Every structure is written in structure tokens, then in C-alpha cells.
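In what follows, a structure is listed as C-alpha cells, so that the remarks can point back to it.
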Amino acid sequence: MLELFSYGDTGWGDEILMGLATTMKLAVATLPVGMIIGFLIAFAAMSGIRAVRYVGVGYTTIMRGLPEILTLFVVYNGAGLLLNSLIKWWNPEAEGTDFSPFLAGVIALAMVFGAFAAEVIRGAYNSLDKGQIEAAAAVGMTPQQTFWRIKLPQLWRFALPGIGNLWINMLKDTALVSVIALDDLMRMTKVAVGVTKQPFTFYLVACLIYWVLCVLSEMILSRMERHANRGVRRA
Amino acid sequence: MIPMDPSGPILSAIDIRKSFGDVEVLKGISLDAKKHDVISILGASGSGKSTFLRCLNFLETPTSGKVIIHGDEINVQNGQPKMSVPIEDIRKRLGMVFQQFNLWTHRTVLENVMEGLIHVRKKSRGEARSIAENYIERVGLSQRVDAYPGHLSGGQQQRVAIARALAMEPDAILFDEPTSALDPELVGEVLKVMQSLAEEGRTMIVVTHEMAFAREVSSEVVFLHQGKVLEKGTPDEMFATPKSEEFKRFIASM
Ligand SMILES: Nc1ncnc2c1ncn2[C@@H]1O[C@H](COP(=O)(O)OP(=O)(O)OP(=O)(O)O)[C@@H](O)[C@H]1O
Ligand SMILES: [Mg+2]
């Protein structure tokens, strides 16, 4: 039994660890991209300019209505085509390249993450205390200083629980990329099952690994929340 | 810059008008504050006291009128302000203390007071710290410099808010009902600090419902009624011989 998970040619331990590493890389790369999309969309949706506001609200509405896996296919296939036609337009002599499944995964997951993060950020922004913002203006802070020094730290506090949930969802959604031939934890597990015909063992291990990732995330998140809420009187 | 007359006002508001939609809530208010003046603004709820105070530091933009602070003039017509210096330069010369304290909840007492010193007054951290500690001591909270606002009583929070305003060394401080949100037993500690500021010669404009403060501490009382100055004068003459029926009724209701 332990042989199954040993390192090297006979066991699947190394393949599964590689898969885990890919899963982690994917999630960690998606987070910042998704947050940036989230902020851009949130501020677009709150913009004073109507056209910009429509873009922000429309983006969230559309992304929330699409199954994640469809977004992934659209990005993988569509963006690949787009990229290649751009390359062709730039230089007709050039060879077409393959769109990296990793990049497609990051983009698709970040697009979904960003749509939901935008909602979280918008909610957090609306719960900021107007009085504290006025106090910043009243001491003579510029709008930029007020944003970076007063609004953003408090926004973070209100948004953290929601963003934490999105992170955990996204961590699990990374499993979807196995369908576009990215060797993540899920795909390596399936390969191992295919070869060894031991589905129960390998799927159980995969379950355990995803579960441990989620529990670890929850622990880190609750520490971050405690830190963000320091000094706030509990009701 | 207009040359300063040392005995002239350091803050003047001239014919301030403000409408929200079709409703004109300030109907041409003028006010001069000279150095060391303590001006109490009285008036019934909805008479426009807060709106007027907020027009002085442009938290609210008047519909029309003129504000002159320390020689810098902001002229507003049709809601469009014309100013020679950025609005931040005006605001840092006018401290403001709010009814709801409005301390920054993610910053400690010390950090609340240092914030403006570092980022607006551009002081070094060390210098900001010693100035902040000095003013925190001034309001009697040296023991609590590292506390977060959420762990302080309302009276303590308001004293920190006063220290935050004082630390910027403003030309004048605006107070909007600084004791109205406090439990009755905490009002005294805040009024005591305000009284000591008045005795120090700070220029203050105070919207208040505390008649004792208006009567005993202020140098001038202004009574607003429906967006207009109905009466003004020294507290002695105002309270001894109120001229308008409205002010008589107002005093009687207090
Ligand atoms: N942002 C706003 N939009 C619309 N109307 C407003 C706004 N702010 C104030 N008002 C109206 O302007 C009038 C004056 O309000 P203001 O807050 O200045 O009164 P106040 O004298 O400070 O009263 P209080 O003693 O209750 O604080 C009120 O009728 C109020 O409803
Ligand atoms: Mg008011």
C-alpha cells in the first residue's frame, strides 16, 4: 500500500506532490490577479460615469451567470485563438503558439474570483463609516491619502471574511483545470487511478489533501481576521 | 493673499447660502471670528447649524458665498468654488470636532493624533510623536496612548478627537455638538477641556445645546433660525434681553 505513494517510477507520491504544487501555484497566482480585477470592477460599478458603471455591473452579472468550467473553455480556446490571430497580425510569418493551460487557468479562475470579489469589495466599501472619512478630509488629507490611509485598511477589515470564502472556493475550483490538460492535483490523481485501478485510495488521498489545504487556509484567515479587527469592541 | 490686519478676523464667512435640491437651508449667513473668539451657535434642530459649520471647511460646498481664512479667499457662485489654494490647505487651518467623535477605529489614540501631523503637516515620526503625546497629555489621556478608540468611553474618545484637532495647530477649531452623543455623566469632562482651551485663547466656533457653556465660556452667541442669523451679541446681553420671540422661546425650552 505504501509503495503506491513512494517516490520514483513505481510509486505515485512524486506525481501527486507535483500535482499539489501545480494546484498551489495556480491558486497563489490567481489571487492577486483576481483581487485586481475585483477592485477594478468594484470601482467601475461605483463609478459616477454611467457607461463605466454599466461595464462593472454587467461584468459581475455575466460572470456570475456562467458555469466556471464554461469560462475556462472560453478562455482556453477563445483566448488561444485570439492570441494566435494577434501574433499573425503582428507578424504573418510567425508560427502559432499554444496558449498555456496554466495561464488559461489563472485567467479564467481570476475572472470568476474577480466578479465575486467585486461584490464583496463593494459591500465593504458601502459599510465604511462616512464620519471617519469626513474626519480625514477635515484634517486636510487629500482624497488619495484618505483612500490609502483610512478607507483601504478598513475596507480590508470588512472584506476579509468574504474574500477568505472566495479563496477557499477558488482553491477547490482549481480542480476544474484538470479538464484542460493541466497536471494539477486532480488530474494526477485521475491518472494514478487510471493506471492502478485503485480509485478509492487515490480519491481519498486527494480529498484529504484538498481538505487539509482548506483547513490550513481557514486557520490563517482567522488569524488575519483577528489582526484586522484588533481594537474593535466586540458586541 | 490679502494683507492681514492683525486685529481683523482670522475667519470670515460672508453671505453663505446653501440649498439641498429646492430647499434653501442657509439663507445668507455671515460671521467673523477674531483671534481668541469663542462663538457659540445656537438654534433649534434643523435650523442649519451643522450645515453652516460644514460650509466653513467645505465638507459641504455652499451654493454661494465667500469664506476667508487667514487671508485666503474661497468664493462660491452657483455651487462652484473658486480658490487660490487647494482645499486641503484651508482645512488644515481649521480643526473640526464632530458629534460622533469620528476617530479612526483602526488606529490607536497616539496614531489618531499623529496621522495628520505626519501626512498633512509633513512632520517626521519622532517630531509628530512628541507633539501628539503633548496634546494627548493636555486632554488627560496619557495613560491610554496605545488604546484603540473602541476601548475608550465616549468622553475619552471625544477628548482624543480634540487632541487630534489641536495637534494640527489650527487657526480655529469648529465643534459640532461635541457633547450631544455623550452619556450625561461624561459631558463634564469634555466641557472642561473645551473651557480650558477657551481660557488659553483658542479661537473656537461651537455649535452646542449646552446653555451654560454658551453663557459662561463664549465671547459671542449667534442664534440661527430657519437658516438665518436672527440675533447675535455677547452672551450677557443675549440672555438678559433676548429680542426675538423665537430666541425667548428657545431659551425657555432649554
Ligand atoms: N445632505 C442633506 N441633504 C438634504 N437635506 C439636508 C442635508 N443635510 C441637512 N439637510 C437639511 O438641512 C436642514 C438643516 O440641517 P442641519 O443638520 O444643518 O441642522 P442642525 O441645526 O444642525 O440641526 P440639529 O440640531 O438637529 O443637528 C435640515 O432641514 C436638514 O434636513
Ligand atoms: Mg447638527
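Naming scheme: A, B, ... for chains in displayed order of the C-alpha cells; residues 1 onward per chain; ligands 1 onward as shown.
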
All residues within 8 Å of ligand 2 are required, counting only C-alpha atoms and all ligand atoms; please report them as number ranges by chain.
B: 45-46, 48-51, 176-177, 207

Residues near A:Asp184, anyone? I mean within 6 Å using only C-alpha atoms, not counting same-chain ones fewer than 3 positions away, as a PyMOL selection string.
chain A and resi 19+22-23+187

Give me the residues within 7 Å of stretch 156-167 of chain A as a PyMOL selection string, counting only C-alpha atoms and dropping any in the same chain fewer than 5 places off.
chain A and resi 113+117+120-121+124+221+225+228-229

Taking only C-alpha atoms and all ligand atoms into account, which residues have an atom no farther than 10 Å from ligand 1? I'd like them as an MDAnalysis selection string.
chainID B and resid 18:26 41:55 60 99 176:177 180 207:209 224:227

Write out, as JSON lines, each residue of chain A that has an atom at most 7 Å from chain B, together with the closest pair of atoms and their distance in Å to one decimal, counting only C-alpha atoms, rows going by chain and rising number.
{"residue": "A:Gly131", "atom": "CA", "partner": "B:Asn102", "partner_atom": "CA", "distance": 5.3}
{"residue": "A:Gln132", "atom": "CA", "partner": "B:Asn102", "partner_atom": "CA", "distance": 4.8}
{"residue": "A:Ala135", "atom": "CA", "partner": "B:Asn102", "partner_atom": "CA", "distance": 6.1}
{"residue": "A:Ala138", "atom": "CA", "partner": "B:Arg91", "partner_atom": "CA", "distance": 5.7}
{"residue": "A:Val139", "atom": "CA", "partner": "B:Lys92", "partner_atom": "CA", "distance": 5.2}
{"residue": "A:Gly140", "atom": "CA", "partner": "B:Glu88", "partner_atom": "CA", "distance": 4.4}
{"residue": "A:Met141", "atom": "CA", "partner": "B:Val120", "partner_atom": "CA", "distance": 6.1}
{"residue": "A:Thr142", "atom": "CA", "partner": "B:Glu88", "partner_atom": "CA", "distance": 6.5}
{"residue": "A:Gln154", "atom": "CA", "partner": "B:His106", "partner_atom": "CA", "distance": 6.9}
{"residue": "A:Gly231", "atom": "CA", "partner": "B:Tyr148", "partner_atom": "CA", "distance": 4.8}
{"residue": "A:Val232", "atom": "CA", "partner": "B:Gly150", "partner_atom": "CA", "distance": 5.2}
{"residue": "A:Arg233", "atom": "CA", "partner": "B:Gly150", "partner_atom": "CA", "distance": 5.1}

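Within stretch 43-79 of chain B, DSSP applied to the backbone places the following residues in strand (DSSP E or B): Gly43, Ser64, Gly65, Lys66, Val67, Ile68, Ile69, Asp72, Glu73, Ile74, Asn75, Val76 and Gln77 of chain B.
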
Resulting file, chosen residues, C-alpha atoms, as a short mmCIF file (atom, residue, chain, number, x, y, z; two decimals), in the first residue's frame:
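The resulting again_22.cif:
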data_model
loop_
_atom_site.label_atom_id
_atom_site.label_comp_id
_atom_site.auth_asym_id
_atom_site.auth_seq_id
_atom_site.Cartn_x
_atom_site.Cartn_y
_atom_site.Cartn_z
CA GLY B 43 -30.63 77.15 17.26
CA SER B 64 -22.93 80.69 -2.88
CA GLY B 65 -20.96 82.89 -0.56
CA LYS B 66 -17.42 83.63 0.45
CA VAL B 67 -15.13 82.20 3.11
CA ILE B 68 -11.88 83.94 4.00
CA ILE B 69 -9.39 82.14 6.19
CA ASP B 72 -7.06 83.09 1.62
CA GLU B 73 -10.39 83.54 -0.03
CA ILE B 74 -12.81 80.98 -1.42
CA ASN B 75 -15.60 82.44 -3.46
CA VAL B 76 -18.53 80.24 -4.40
CA GLN B 77 -21.07 81.01 -7.07
#

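Restricting the calculation to only C-alpha atoms, the smallest distance between A:Ile62 and any of A:Phe116, A:Phe39, A:Tyr203, A:Phe5 is found for A:Phe116.
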
Could you state the separation of atom CA of A:Leu216 and atom CA of A:Lys151 in Å, given to one decimal place?
28.9 Å

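Going from atom CA of B:Ala132 to atom CA of B:Ala163 covers 7.7 Å.
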
May I have the residues within 10 Å of A:Ala27 as a ChimeraX atom specification, using only C-alpha atoms and disregarding those fewer than 3 positions away in the same chain?
/A:21-24,30-32,105-106,109-110,167-168,170-174

Mind writing the picked residues with N, CA and C atoms as an mmCIF file, in the first residue's frame?
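Result file follows (selection-v3.cif):
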data_model
loop_
_atom_site.group_PDB
_atom_site.id
_atom_site.type_symbol
_atom_site.label_atom_id
_atom_site.label_comp_id
_atom_site.auth_asym_id
_atom_site.auth_seq_id
_atom_site.Cartn_x
_atom_site.Cartn_y
_atom_site.Cartn_z
ATOM 1 N N ALA A 21 1.712 20.855 -6.115
ATOM 2 C CA ALA A 21 2.471 22.084 -6.343
ATOM 3 C C ALA A 21 1.809 22.913 -7.435
ATOM 4 N N THR A 22 1.364 22.262 -8.496
ATOM 5 C CA THR A 22 0.703 22.991 -9.581
ATOM 6 C C THR A 22 -0.586 23.653 -9.083
ATOM 7 N N THR A 23 -1.350 22.883 -8.311
ATOM 8 C CA THR A 23 -2.586 23.432 -7.740
ATOM 9 C C THR A 23 -2.291 24.676 -6.913
ATOM 10 N N MET A 24 -1.269 24.577 -6.054
ATOM 11 C CA MET A 24 -0.930 25.718 -5.203
ATOM 12 C C MET A 24 -0.466 26.910 -6.023
ATOM 13 N N THR A 30 -3.518 33.097 -9.010
ATOM 14 C CA THR A 30 -4.851 33.639 -9.303
ATOM 15 C C THR A 30 -5.242 34.742 -8.326
ATOM 16 N N LEU A 31 -4.851 34.580 -7.056
ATOM 17 C CA LEU A 31 -5.313 35.510 -6.014
ATOM 18 C C LEU A 31 -5.042 36.988 -6.341
ATOM 19 N N PRO A 32 -3.770 37.372 -6.595
ATOM 20 C CA PRO A 32 -3.544 38.801 -6.857
ATOM 21 C C PRO A 32 -4.248 39.292 -8.118
ATOM 22 N N GLY A 105 -5.796 28.841 -17.061
ATOM 23 C CA GLY A 105 -6.389 28.549 -15.759
ATOM 24 C C GLY A 105 -6.389 29.781 -14.868
ATOM 25 N N VAL A 106 -5.233 30.449 -14.799
ATOM 26 C CA VAL A 106 -5.135 31.644 -13.951
ATOM 27 C C VAL A 106 -6.138 32.695 -14.415
ATOM 28 N N LEU A 109 -9.877 31.487 -13.700
ATOM 29 C CA LEU A 109 -10.182 31.493 -12.266
ATOM 30 C C LEU A 109 -10.204 32.924 -11.721
ATOM 31 N N ALA A 110 -9.268 33.753 -12.197
ATOM 32 C CA ALA A 110 -9.208 35.134 -11.710
ATOM 33 C C ALA A 110 -10.423 35.932 -12.178
ATOM 34 N N TRP A 167 -11.481 32.652 -1.552
ATOM 35 C CA TRP A 167 -10.197 31.961 -1.683
ATOM 36 C C TRP A 167 -10.405 30.451 -1.550
ATOM 37 N N ILE A 168 -11.177 30.058 -0.574
ATOM 38 C CA ILE A 168 -11.388 28.627 -0.358
ATOM 39 C C ILE A 168 -12.173 28.012 -1.526
ATOM 40 N N MET A 170 -12.099 29.116 -4.563
ATOM 41 C CA MET A 170 -11.201 29.115 -5.719
ATOM 42 C C MET A 170 -10.199 27.971 -5.619
ATOM 43 N N LEU A 171 -9.735 27.721 -4.390
ATOM 44 C CA LEU A 171 -8.792 26.624 -4.180
ATOM 45 C C LEU A 171 -9.400 25.318 -4.692
ATOM 46 N N LYS A 172 -10.675 25.146 -4.424
ATOM 47 C CA LYS A 172 -11.338 23.921 -4.877
ATOM 48 C C LYS A 172 -11.631 23.966 -6.377
ATOM 49 N N ASP A 173 -11.942 25.166 -6.860
ATOM 50 C CA ASP A 173 -12.228 25.301 -8.294
ATOM 51 C C ASP A 173 -11.010 25.021 -9.166
ATOM 52 N N THR A 174 -9.812 25.116 -8.570
ATOM 53 C CA THR A 174 -8.625 24.822 -9.389
ATOM 54 C C THR A 174 -8.721 23.426 -9.984
#
